[in-house]
Protein chains: 8
Amino acid sequence: MLKQVKSGATTVDDALAQLADFPYEELGFAKIDHHRALRRGFPEVIFGPGKTSEQIATIAEHLAARNDKVLVTKVSDDVYDVVRQRLTDAEYHPVPRAISVNRAKKAARRRGIMVISGGTADIPVAEEAALTAELMGNKVERSYDVGVAGVHRLLDHLPKLRQAKVIIAVAGMEGALPSVVSGLVAVPVIAVPTSVGYGASLEGVAALLTMLNSCSAGISVVNIDNGFGAGYLAALINR
Amino acid sequence: MLKQVKSGATTVDDALAQLADFPYEELGFAKIDHHRALRRGFPEVIFGPGKTSEQIATIAEHLAARNDKVLVTKVSDDVYDVVRQRLTDAEYHPVPRAISVNRAKKAARRRGIMVISGGTADIPVAEEAALTAELMGNKVERSYDVGVAGVHRLLDHLPKLRQAKVIIAVAGMEGALPSVVSGLVAVPVIAVPTSVGYGASLEGVAALLTMLNSCSAGISVVNIDNGFGAGYLAALINR
Amino acid sequence: MLKQVKSGATTVDDALAQLADFPYEELGFAKIDHHRALRRGFPEVIFGPGKTSEQIATIAEHLAARNDKVLVTKVSDDVYDVVRQRLTDAEYHPVPRAISVNRAKKAARRRGIMVISGGTADIPVAEEAALTAELMGNKVERSYDVGVAGVHRLLDHLPKLRQAKVIIAVAGMEGALPSVVSGLVAVPVIAVPTSVGYGASLEGVAALLTMLNSCSAGISVVNIDNGFGAGYLAALINR
Amino acid sequence: MLKQVKSGATTVDDALAQLADFPYEELGFAKIDHHRALRRGFPEVIFGPGKTSEQIATIAEHLAARNDKVLVTKVSDDVYDVVRQRLTDAEYHPVPRAISVNRAKKAARRRGIMVISGGTADIPVAEEAALTAELMGNKVERSYDVGVAGVHRLLDHLPKLRQAKVIIAVAGMEGALPSVVSGLVAVPVIAVPTSVGYGASLEGVAALLTMLNSCSAGISVVNIDNGFGAGYLAALINR
Amino acid sequence: MLKQVKSGATTVDDALAQLADFPYEELGFAKIDHHRALRRGFPEVIFGPGKTSEQIATIAEHLAARNDKVLVTKVSDDVYDVVRQRLTDAEYHPVPRAISVNRAKKAARRRGIMVISGGTADIPVAEEAALTAELMGNKVERSYDVGVAGVHRLLDHLPKLRQAKVIIAVAGMEGALPSVVSGLVAVPVIAVPTSVGYGASLEGVAALLTMLNSCSAGISVVNIDNGFGAGYLAALINR
Amino acid sequence: MLKQVKSGATTVDDALAQLADFPYEELGFAKIDHHRALRRGFPEVIFGPGKTSEQIATIAEHLAARNDKVLVTKVSDDVYDVVRQRLTDAEYHPVPRAISVNRAKKAARRRGIMVISGGTADIPVAEEAALTAELMGNKVERSYDVGVAGVHRLLDHLPKLRQAKVIIAVAGMEGALPSVVSGLVAVPVIAVPTSVGYGASLEGVAALLTMLNSCSAGISVVNIDNGFGAGYLAALINR
Amino acid sequence: MLKQVKSGATTVDDALAQLADFPYEELGFAKIDHHRALRRGFPEVIFGPGKTSEQIATIAEHLAARNDKVLVTKVSDDVYDVVRQRLTDAEYHPVPRAISVNRAKKAARRRGIMVISGGTADIPVAEEAALTAELMGNKVERSYDVGVAGVHRLLDHLPKLRQAKVIIAVAGMEGALPSVVSGLVAVPVIAVPTSVGYGASLEGVAALLTMLNSCSAGISVVNIDNGFGAGYLAALINR
Amino acid sequence: MLKQVKSGATTVDDALAQLADFPYEELGFAKIDHHRALRRGFPEVIFGPGKTSEQIATIAEHLAARNDKVLVTKVSDDVYDVVRQRLTDAEYHPVPRAISVNRAKKAARRRGIMVISGGTADIPVAEEAALTAELMGNKVERSYDVGVAGVHRLLDHLPKLRQAKVIIAVAGMEGALPSVVSGLVAVPVIAVPTSVGYGASLEGVAALLTMLNSCSAGISVVNIDNGFGAGYLAALINR
């Protein structure tokens with residue numbers, strides 16, 4: 001038996017050695033996972049906060065050398081000023097505070113994703129979701145400021161909601177929008193809590209808890225203000 | 001000036017001495033505030049938890065000697081067995097787990113209070129609210145299990161909701177009911193979070209936060225599972 | 001039976017289609033709920049944070065085109081500078097940091113609302129409550145800095161407190177004011193916790209919890225620093 | 001303009017009146033939303049906690065009268081003893097502590113859902129997810145105890161994971177399983193935190209936070225121990 | 001310099017070696033600090049929870065062999081049954097759930113400590129405080145159920161409160177009693193939050209926060225339900 | 001009996017009316033409690049945060065008109081610039097960020113208070129405590145940076161600690177200093193947690209919890225960074 | 001380039017396929033990681049809570065078939081009754097509530113690990129640590145009840161502490177023991193918070209935070225009550 | 001017996017008096033523990049936040065007078081500008097924001113410590129760990145951006161990880177890196193959560209909880225962002 005275990009161990013080392021051959025690029029401060037586009041269907045996305053402009057620009061440049069799409073999230077236009085010196089076709093999206101590069105051939109975009117927001121202040125997060133899904137090849141329907149305090153505004157878009165294959169519902173404060181929407185449709189609802197609010201909103205934790213406790217099945221939740229994650233997931237579902 | 005302050009001090013002592021003459025009854029383990037019925041319009045209510053059956057029965061007996069209504073909240077029927085030995089006309093309400101005595105002359109009950117609940121499991125708290133308001137002279141409309149996952153159940157009662165002068169909305173889990181109701185009416189909504197739920201409901205804290213962060217104005221909130229407080233407040237508003 | 005269900009479904013779609021005809025105005029980043037004034041008795045109120053000055057000014061302008069009252073809460077005077085270019089009769093209230101427009105004919109204001117604060121630092125929140133209630137047609141009594149550390153300051157206003165039909169009690173730090181006031185009167189007390197304090201005040205959460213746990217019935221609570229919500233609710237109760 | 005608004009109000013009342021005609025069944029303590037199967041594709045599911053056995057049995061009975069599938073979650077076998085007196089074809093599933101009725105004709109089950117768990121103690125929650133998805137017409141692959149402390153156990157199932165269209169990853173303690181799985185596949189991962197663990201697991205909150213903060217996109221999260229919600233959502237995605 | 005440091009090191013070892021000679025008694029599962037009575041003025045007190053009855057009895061016996069007073073806190077009468085077999089003069093106090101031995105000569109007890117409670121349910125904690133202070137040689141005034149909902153009950157005892165040299169104020173729920181009392185007197189107030197309450201009382205955390213944030217100076221706080229700590233501290237202050 | 005209750009009510013109103021005659025000064029935004037010096041032994045202290053410089057200066061001026069001591073806590077020197085224009089003898093203390101006026105005749109200061117701090121960064125809070133106690137007529141011993149990582153630094157001051165009648169122990173991070181000190185002395189220890197630290201110090205909450213849970217009796221705790229409260233309480237104890 | 005990426009992908013699949021060959025044993029409800037003993041130096045350990053007795057016994061039996069040591073943590077003796085029917089040489093340790101099997105040849109145990117506890121109630125956790133380290137081939141020194149309230153009890157063992165190569169310090173309540181010990185020695189200290197305490201101990205969270213914020217470097221922390229993890233880590237350090 | 005205790009007391013005073021002779025240097029605002037280098041193997045380290053530049057420079061100067069190594073953590077280069085005027089050989093490390101002085105003779109550095117990070121944004125904390133360990137005489141291997149979303153990047157360094165004697169794993173967001181690494185090696189893993197992330201990362205608390213709940217034994221945790229503590233501990237283990 002011991003022998004058997006030992007041969008297992010050898011296998012392990014071989015296997016691990018081969019895994020180590022995966023194509024990634026070493027930048028010292030970062031290791032770009034070029035294999036990701038193949039393995040997961042979309043290249044690595046750069047989360048901006050905590051990185052210097054210089055680091056972001058370098059990673060973006062290297063990603064763009066091997067991928068036709070680049071996305072940087074949650075950055076100011078100061079970062080963009082540094083990035084576009086390296087990637088002249090990079091675009092800045094001021095509402096979601098994101099940078100994108102898209103060199104893919106124009107192809108028909110897949111329909112099926114709808115993004116809605118409870119209020120006006122939730123739009124930056126909603127737009128981060130929409131931008132991500134668009135970059136991943138989707139056509140995105142939007143309807144903003146349809147919160148539960150005047151629910152008829154939502155209902156006016158019910159036909160579109162019912163045509164959607166997946167709905168991203170973005171809301172701060174009490175975060176009740178996903179529950180109400182989910183109760184009216186038969187498709188997955190991705191709930192995105194936002195940090196919009198004050199006091200007992202606890203910077204979005206209240207909305208997060210609301211969404212996690214929804215009495216309407218068919219809802220799942222991403223991190224507070226995580227429009228990117230919602231857009232990415234919606235694109236996976238909509239494939 | 002010093003003299004002036006000193007005479008103020010004398011006034012203080014006189015005033016405090018007179019306040020100390022307020023009618024209350026000393027039981028050693030409790031001081032019954034008989035003045036409360038006069039000052040506040042309703043006698044002291046006995047919160048059950050943490051008191052022995054013997055203590056509850058004794059307080060109830062002394063309250064009943066000077067008031068025509070007694071209410072004990074959040075107690076088991078074991079407590080009731082002790083209480084009814086002293087107060088033979090005490091009634092036990094198993095759903096809200098309350099004891100009441102009502103020796104007031106039958107008078108027309110004031111209309112205007114409606115109690116609704118999100119789900120079936122919220123009924124004990126809703127009934128505590130209804131019982132309290134009824135004991136305070138109100139006729140209470142009820143509609144239970146009208147949560148946001150099937151909002152048409154709520155709408156069927158919209159005419160009644162619109163006739164109400166104050167609405168008590170009881171809900172656990174995500175606690176979105178008060179926001180949706182408040183968006184449809186022009187009267188105060190008292191939101192009561194319940195501890196119904198599990199996991200991230202955090203024993204009612206999630207519903208509490210939802211209600212505090214409602215984007216629909218006209219809502220205020222009481223403690224988790226505090227049906228009594230909601231019923232009491234509704235009765236004050238409905239006077 | 002199945003048929004019956006199906007016909008129900010048809011009804012739903014008809015009903016939802018009609019709900020979608022509610023009068024609201026589409027601005028892209030916002031959907032103004034003009035129906036709200038009719039349904040709820042007061043037009044939509046603009047919560048400032050998270051919106052751009054331009055968005056606020058546009059919404060305010062559109063609201064003012066169909067309503068005689070506009071209220072914007074929690075904004076700096078920078079926002080006001082943009083708004084008054086569109087609405088020359090807009091006023092800025094620096095203490096509660098609010099903008100209002102009031103084109104209603106002067107009518108007798110309803111008495112019955114009193115606003116009190118525990119300390120001087122709570123005044124901005126208290127004034128947000130008072131301004132809201134005033135805009136909704138009420139005459140508001142005020143008494144500030146009547147906290148429990150020197151309770152005689154509160155008692156000097158007891159006659160006024162007893163004449164009130166609803167009391168808004170604003171307090172930070174330990175937030176004990178509503179309990180003490182409620183113990184002396186027979187009317188609803190709306191408790192507003194504020195973020196005044198430091199350390200274990202947890203930015204107002206301590207005061208919020210105090211108020212939710214009050215041993216004196218007749219109290220309900222709104223969000224931390226939510227003077228607007230308290231003023232709005234008081235106006236509903238005082239109708 | 002006022003006229004226009006008013007006519008809008010009329011429309012509202014008409015619309016709301018019609019919505020109120022939706023088919024639901026009034027039981028007093030519950031309102032069964034029979035319309036839900038049509039609107040959402042699956043009948044109402046009974047969440048057990050907080051309801052009496054009698055209430056559960058009655059709701060189940062009425063649901064079964066109009067639907068061919070019934071599901072009751074998070075109940076003991078004591079509840080089952082009451083339910084099967086009314087529904088003799090009800091089955092009890094002791095591991096997920098659920099009751100089901102399934103009178104649908106046997107049809108080919110849809111492939112595409114895989115349920116995995118980090119440990120043995122997470123199996124009850126995983127089985128609740130699997131049972132729900134199965135009842136909704138899916139064939140479910142399972143692989144349990146594949147946590148990150150011995151990641152090769154997971155990799156052995158990689159071919160199956162890659163064939164899945166949606167993966168439910170159930171894990172307690174540190175809850176790292178969904179991140180690792182998501183990094184290897186190109187499909188949606190539904191993360192289910194469990195209350196398995198002790199101390200700083202905070203009854204599942206630690207795993208919940210881990211999953212919400214995953215650095216791997218494509219993950220969304222449901223409530224702690226909410227296997228039902230995950231199974232339901234997976235079935236929607238897999239349609 | 002190095003030499004100097006080294007000689008310091010030597011001193012250290014000597015000093016530590018001597019500290020190690022302090023009189024304590026090794027029981028294996030416990031080390032009784034007999035030196036404490038001399039150093040701190042009162043012998044070690046046994047905190048019951050987490051210890052077996054056998055362990056408690058053994059420690060109590062060894063303490064009693066060298067001290068004339070023994071105190072065990074937060075234990076059931078089952079523990080007492082074991083203890084009194086070893087210490088026949090041990091007394092059980094059912095309200096505070098404590099065991100005491102007192103073989104000190106009867107001496108005049110020091111006046112100056114007053115214990116008050118907000119409600120009846122706080123009495124067990126208040127009695128733990130009183131018992132501790134009495135065992136430490138004090139005569140303790142008590143007044144229970146003097147909460148802020150009927151503040152005149154407190155004022156009736158104002159003369160006694162003003163004669164006190166230190167006041168222990170015990171309260172659950174919102175915990176406002178210490179603030180109100182402190183505002184009326186010129187002596188230290190020891191605030192003891194209790195776990196009395198429910199929902200947002202968070203098992204005493206709400207009362208704890210209230211007391212820490214008191215706007216009235218002269219208050220300090222001990223742990224939730226820590227009557228012992230309050231009584232001990234009061235005795236130190238009253239020396 | 002009813003008559004008796006009614007006469008009680010009359011007494012109440014008389015008493016409350018007299019309480020309302022207490023000497024306080026109405027400034028609109030503040031009500032100065034001049035009676036406090038008499039009732040509590042020290043005049044009202046001005047908590048700076050949340051008040052405008054103008055408000056602070058006005059309150060300070062009015063306090064100084066009737067009291068020989070004024071204290072303002074937690075203010076910048078910008079506030080001081082405004083205050084000293086009205087009170088030319090006001091002093092600014094940059095370390096604790098406080099303003100004081102002291103016109104009392106020089107008298108012998110009472111000995112007995114010692115203030116110690118765990119680290120250098122805790123000194124501002126420690127100095128706030130010391131300044132308060134000094135203004136209240138005490139001579140204060142200080143010893144800073146005596147934290148538990150090098151406990152011999154504390155022991156060097158043991159003779160002084162043992163001469164103290166009350167010790168203020170100020171510490172951030174893990175906040176273990178009060179426990180260790182209390183274990184060596186027989187006097188009250190006032191524990192002051194500070195917000196010094198980072199990460200899991202949760203802005204002082206960690207130190208606060210440590211101190212509340214001390215296994216050494218004789219400790220009580222004030223709010224995070226509340227040097228003033230500790231100094232005030234120490235002065236009361238040391239009277 | 002694309003080709004290069006693709007070949008990388010192939011490598012991945014090969015590698016993952018080989019990893020999947022690791023020796024583990026499939027039990028359906030568990031996958032035993034027999035490779036772990038080789039890879040990590042010690043076989044899989046069974047965490048008891050959430051597993052049935054039957055599951056535990058089966059896993060233990062299969063582990064024992066290929067390893068000479070088995071450890072089950074946090075189980076009652078009911079579980080042991082089931083286990084010993086399969087593994088007759090299994091031992092139950094009632095204090096740490098653990099089951100062990102040890103068929104390794106008696107070898108000299110490595111010295112260097114010392115386990116200390118703050119109080120008597122912490123002993124079960126301390127013993128779990130000691131048992132784990134012993135099973136991993138260490139001789140463990142113990143000293144219990146050496147908390148900071150009587151620090152000389154600790155100092156008596158200072159020579160032993162200084163001979164240790166790694167110290168496990170177990171403490172509940174305020175959890176200050178690790179800081180004090182670490183300040184006296186030059187070796188790693190593993191801090192284990194326990195759930196001993198009440199109220200603001202928050203079931204061990206207070207002690208956990210204390211230890212994480214220690215001002216004395218050289219300390220790291222494991223989960224609340226995680227004696228096993230501390231013992232395991234100490235054994236790794238002591239190799 | 002009393003005599004015996006008394007003599008013990010004498011010993012105490014002698015012992016404490018000698019402890020007080022430990023070599024430390026009094027600066028008023030700080031007491032430099034020069035004995036620490038001898039007792040613990042490394043001189044006192046200056047934690048920057050909360051100290052003025054002047055205080056830091058003075059402490060650093062005095063430390064450098066008696067030690068050949070000085071470390072200041074978490075400071076800006078403004079502080080460095082003040083320090084290098086006193087210590088011209090001080091170096092500033094901008095990534096970890098630290099100042100060091102190293103006058104020790106160049107000696108061979110001990111191998112065995114490896115520092116890895118989950119992402120690029122975690123590097124400042126990782127570098128603080130590495131710098132600390134290097135200053136304590138170690139040669140440190142580094143590998144950054146090896147998070148679990150692309151685990152092959154980690155595996156490429158597996159040979160180095162297996163050569164390490166202790167691994168420091170730094171990660172923010174979900175913090176799963178330590179668990180995955182620990183599952184592959186047989187050495188201690190020091191987990192360092194970072195505040196990298198947003199929303200439900202709760203400024204590092206999520207990563208902290210993940211690490212504390214790791215299902216892989218052999219991990220211990222230090223405070224959020226505490227690179228220094230991890231580096232220090234690794235150096236102790238690697239001795």
# chains A, B, ... in the order shown; residues from 1 in each chain; ligands from 1
$ select_by_dssp --residues "chain H" --states "strand (DSSP E or B)" --output "ChimeraX atom specification"
/H:25-26,31-32,46-47,69-73,91-93,98-102,110-117,138-143,166-171,189-193,219-221
$ interface_residues --of "chain E" --to "chain F" --cutoff "9 Å" --atoms "only C-alpha atoms" --output "compact mmCIF listing (two decimals) with N, CA, C and O atoms, in the first residue's frame"
# COMPACT_ATOMS: atom_id res chain seq x y z
N VAL E 12 16.89 41.17 35.89
CA VAL E 12 15.60 40.65 35.44
C VAL E 12 15.40 39.23 35.94
O VAL E 12 14.40 38.89 36.55
N ARG E 36 -3.46 37.21 46.66
CA ARG E 36 -4.33 38.27 46.17
C ARG E 36 -5.03 39.05 47.30
O ARG E 36 -5.18 40.27 47.20
N ARG E 39 -2.63 41.57 48.42
CA ARG E 39 -2.24 42.56 47.40
C ARG E 39 -3.43 43.42 46.99
O ARG E 39 -3.30 44.60 46.71
N ARG E 40 -4.61 42.82 46.92
CA ARG E 40 -5.75 43.52 46.38
C ARG E 40 -6.85 43.77 47.40
O ARG E 40 -7.84 44.42 47.10
N GLY E 41 -6.71 43.18 48.61
CA GLY E 41 -7.69 43.48 49.64
C GLY E 41 -8.87 42.53 49.68
O GLY E 41 -9.75 42.67 50.53
N PHE E 42 -8.92 41.58 48.75
CA PHE E 42 -10.01 40.61 48.75
C PHE E 42 -9.52 39.35 48.05
O PHE E 42 -8.82 39.43 47.05
N HIS E 152 -40.63 59.34 38.19
CA HIS E 152 -40.93 59.76 39.56
C HIS E 152 -40.60 58.67 40.57
O HIS E 152 -40.32 58.95 41.72
N LYS E 165 -22.34 57.36 48.20
CA LYS E 165 -21.01 57.78 47.74
C LYS E 165 -20.70 57.18 46.38
O LYS E 165 -19.79 57.61 45.69
N VAL E 166 -21.42 56.15 46.03
CA VAL E 166 -21.29 55.53 44.71
C VAL E 166 -22.59 54.80 44.41
O VAL E 166 -23.19 54.20 45.31
N SER E 182 -27.16 59.94 36.79
CA SER E 182 -25.92 60.71 36.87
C SER E 182 -26.18 62.20 36.73
O SER E 182 -25.49 63.02 37.34
N GLY E 183 -27.19 62.55 35.96
CA GLY E 183 -27.50 63.98 35.78
C GLY E 183 -28.04 64.64 37.02
O GLY E 183 -28.14 65.86 37.07
N LEU E 184 -28.37 63.83 38.02
CA LEU E 184 -29.00 64.38 39.23
C LEU E 184 -28.09 64.36 40.46
O LEU E 184 -28.44 64.93 41.48
N VAL E 185 -26.96 63.68 40.36
CA VAL E 185 -26.11 63.52 41.54
C VAL E 185 -24.67 63.94 41.24
O VAL E 185 -24.33 64.22 40.10
N ALA E 186 -23.85 63.95 42.26
CA ALA E 186 -22.45 64.37 42.10
C ALA E 186 -21.49 63.28 42.52
O ALA E 186 -20.40 63.55 43.01
N VAL E 187 -21.91 62.02 42.35
CA VAL E 187 -21.04 60.90 42.73
C VAL E 187 -20.86 59.96 41.54
O VAL E 187 -21.60 60.03 40.56
N PRO E 188 -19.85 59.06 41.64
CA PRO E 188 -19.63 58.12 40.53
C PRO E 188 -20.82 57.19 40.34
O PRO E 188 -21.40 56.73 41.32
N VAL E 189 -21.17 56.93 39.10
CA VAL E 189 -22.21 55.98 38.75
C VAL E 189 -21.58 54.83 37.97
O VAL E 189 -20.95 55.05 36.94
N ILE E 190 -21.72 53.61 38.49
CA ILE E 190 -21.25 52.42 37.78
C ILE E 190 -22.43 51.83 37.02
O ILE E 190 -23.42 51.42 37.63
N ALA E 191 -22.32 51.82 35.71
CA ALA E 191 -23.43 51.37 34.87
C ALA E 191 -23.24 49.90 34.53
O ALA E 191 -22.17 49.49 34.07
N LEU E 209 -23.87 49.90 24.74
CA LEU E 209 -23.50 51.05 23.92
C LEU E 209 -24.12 52.33 24.46
O LEU E 209 -23.48 53.38 24.50
N MET E 211 -24.79 53.10 27.45
CA MET E 211 -24.09 53.53 28.66
C MET E 211 -22.71 54.09 28.33
O MET E 211 -22.27 55.07 28.91
N LEU E 212 -22.04 53.51 27.37
CA LEU E 212 -20.72 54.01 26.97
C LEU E 212 -20.82 55.39 26.34
O LEU E 212 -19.87 56.16 26.37
N ASN E 213 -21.95 55.69 25.72
CA ASN E 213 -22.11 56.96 25.03
C ASN E 213 -22.84 58.01 25.85
O ASN E 213 -23.28 59.01 25.30
N SER E 214 -22.96 57.77 27.13
CA SER E 214 -23.74 58.70 27.94
C SER E 214 -23.22 60.13 27.81
O SER E 214 -22.02 60.38 27.86
N SER E 216 -23.81 62.29 29.98
CA SER E 216 -23.61 62.77 31.34
C SER E 216 -22.30 62.21 31.86
O SER E 216 -22.14 61.00 31.96
N ALA E 217 -21.36 63.06 32.22
CA ALA E 217 -20.07 62.60 32.72
C ALA E 217 -20.22 62.00 34.10
O ALA E 217 -21.17 62.29 34.81
N GLY E 218 -19.25 61.16 34.48
CA GLY E 218 -19.27 60.55 35.80
C GLY E 218 -19.72 59.10 35.79
O GLY E 218 -19.89 58.49 36.83
N ILE E 219 -19.89 58.57 34.59
CA ILE E 219 -20.36 57.19 34.43
C ILE E 219 -19.24 56.33 33.87
O ILE E 219 -18.53 56.74 32.96
N SER E 220 -19.11 55.10 34.39
CA SER E 220 -18.28 54.11 33.72
C SER E 220 -19.05 52.81 33.68
O SER E 220 -20.03 52.64 34.38
N VAL E 221 -18.57 51.89 32.86
CA VAL E 221 -19.38 50.74 32.50
C VAL E 221 -18.60 49.45 32.74
O VAL E 221 -17.39 49.41 32.56
N VAL E 222 -19.32 48.40 33.15
CA VAL E 222 -18.73 47.07 33.24
C VAL E 222 -19.41 46.16 32.21
O VAL E 222 -20.31 46.58 31.50
N ASN E 223 -18.96 44.93 32.15
CA ASN E 223 -19.49 43.98 31.17
C ASN E 223 -21.00 43.73 31.37
O ASN E 223 -21.52 43.92 32.47
N ILE E 224 -21.65 43.30 30.32
CA ILE E 224 -23.06 42.92 30.37
C ILE E 224 -23.29 41.87 31.45
O ILE E 224 -22.57 40.86 31.51
N PHE E 228 -21.19 41.31 39.64
CA PHE E 228 -20.02 41.11 40.51
C PHE E 228 -19.00 42.23 40.34
O PHE E 228 -18.54 42.84 41.30
N GLY E 229 -18.62 42.51 39.10
CA GLY E 229 -17.61 43.54 38.83
C GLY E 229 -18.04 44.90 39.35
O GLY E 229 -17.23 45.66 39.87
N ALA E 230 -19.33 45.19 39.21
CA ALA E 230 -19.82 46.48 39.68
C ALA E 230 -19.77 46.57 41.20
O ALA E 230 -19.37 47.58 41.77
N GLY E 231 -20.18 45.47 41.86
CA GLY E 231 -20.16 45.47 43.32
C GLY E 231 -18.73 45.58 43.86
O GLY E 231 -18.48 46.29 44.83
N TYR E 232 -17.82 44.88 43.20
CA TYR E 232 -16.41 44.90 43.62
C TYR E 232 -15.85 46.31 43.49
O TYR E 232 -15.20 46.84 44.39
N LEU E 233 -16.11 46.92 42.34
CA LEU E 233 -15.59 48.27 42.09
C LEU E 233 -16.19 49.27 43.07
O LEU E 233 -15.50 50.14 43.61
N ALA E 234 -17.49 49.14 43.32
CA ALA E 234 -18.14 50.06 44.26
C ALA E 234 -17.49 49.95 45.64
O ALA E 234 -17.28 50.97 46.32
N ALA E 235 -17.16 48.72 46.03
CA ALA E 235 -16.52 48.53 47.33
C ALA E 235 -15.14 49.19 47.36
O ALA E 235 -14.76 49.80 48.36
N LEU E 236 -14.40 49.11 46.26
CA LEU E 236 -13.10 49.79 46.20
C LEU E 236 -13.28 51.30 46.33
O LEU E 236 -12.53 51.98 47.04
N ILE E 237 -14.27 51.84 45.63
CA ILE E 237 -14.49 53.29 45.65
C ILE E 237 -14.95 53.73 47.05
O ILE E 237 -14.57 54.80 47.54
N ASN E 238 -15.71 52.87 47.69
CA ASN E 238 -16.31 53.25 48.97
C ASN E 238 -15.37 53.06 50.16
O ASN E 238 -15.75 53.35 51.29
$ residues_around --residues "Pro96 of chain F" --least-positions-apart "4" --cutoff "7 Å" --atoms "only C-alpha atoms" --output "compact mmCIF listing (two decimals) with C-alpha atoms, in the first residue's frame"
# COMPACT_ATOMS: atom_id res chain seq x y z
CA PRO F 124 -3.59 62.87 23.57
CA VAL F 125 -6.39 60.91 25.22
CA GLU F 127 -3.74 64.28 28.50
CA GLU F 128 -7.45 65.01 28.02
$ residues_around --residues "Ile167 of chain D" --least-positions-apart "5" --cutoff "6 Å" --atoms "only C-alpha atoms" --output "mmCIF file with all heavy atoms, in the first residue's frame"
data_model
loop_
_atom_site.group_PDB
_atom_site.id
_atom_site.type_symbol
_atom_site.label_atom_id
_atom_site.label_comp_id
_atom_site.auth_asym_id
_atom_site.auth_seq_id
_atom_site.Cartn_x
_atom_site.Cartn_y
_atom_site.Cartn_z
ATOM 1 N N ILE D 113 -26.702 20.350 -14.446
ATOM 2 C CA ILE D 113 -26.469 20.886 -13.100
ATOM 3 C C ILE D 113 -25.565 19.952 -12.319
ATOM 4 O O ILE D 113 -25.790 18.755 -12.283
ATOM 5 C CB ILE D 113 -27.804 21.070 -12.351
ATOM 6 C CG1 ILE D 113 -28.674 22.107 -13.076
ATOM 7 C CG2 ILE D 113 -27.558 21.491 -10.905
ATOM 8 C CD1 ILE D 113 -30.047 22.299 -12.473
ATOM 9 N N MET D 114 -24.551 20.534 -11.699
ATOM 10 C CA MET D 114 -23.690 19.740 -10.823
ATOM 11 C C MET D 114 -23.644 20.400 -9.446
ATOM 12 O O MET D 114 -23.496 21.614 -9.345
ATOM 13 C CB MET D 114 -22.286 19.647 -11.415
ATOM 14 C CG MET D 114 -21.370 18.792 -10.549
ATOM 15 S SD MET D 114 -20.022 18.025 -11.486
ATOM 16 C CE MET D 114 -19.432 16.835 -10.269
ATOM 17 N N VAL D 115 -23.763 19.568 -8.430
ATOM 18 C CA VAL D 115 -23.698 20.058 -7.048
ATOM 19 C C VAL D 115 -22.474 19.462 -6.381
ATOM 20 O O VAL D 115 -22.301 18.246 -6.383
ATOM 21 C CB VAL D 115 -24.957 19.654 -6.247
ATOM 22 C CG1 VAL D 115 -24.849 20.149 -4.805
ATOM 23 C CG2 VAL D 115 -26.213 20.203 -6.900
ATOM 24 N N VAL D 189 -21.242 29.844 -11.403
ATOM 25 C CA VAL D 189 -21.109 29.096 -10.152
ATOM 26 C C VAL D 189 -22.007 29.758 -9.106
ATOM 27 O O VAL D 189 -21.872 30.953 -8.838
ATOM 28 C CB VAL D 189 -19.651 29.082 -9.663
ATOM 29 C CG1 VAL D 189 -19.556 28.443 -8.275
ATOM 30 C CG2 VAL D 189 -18.765 28.331 -10.649
#
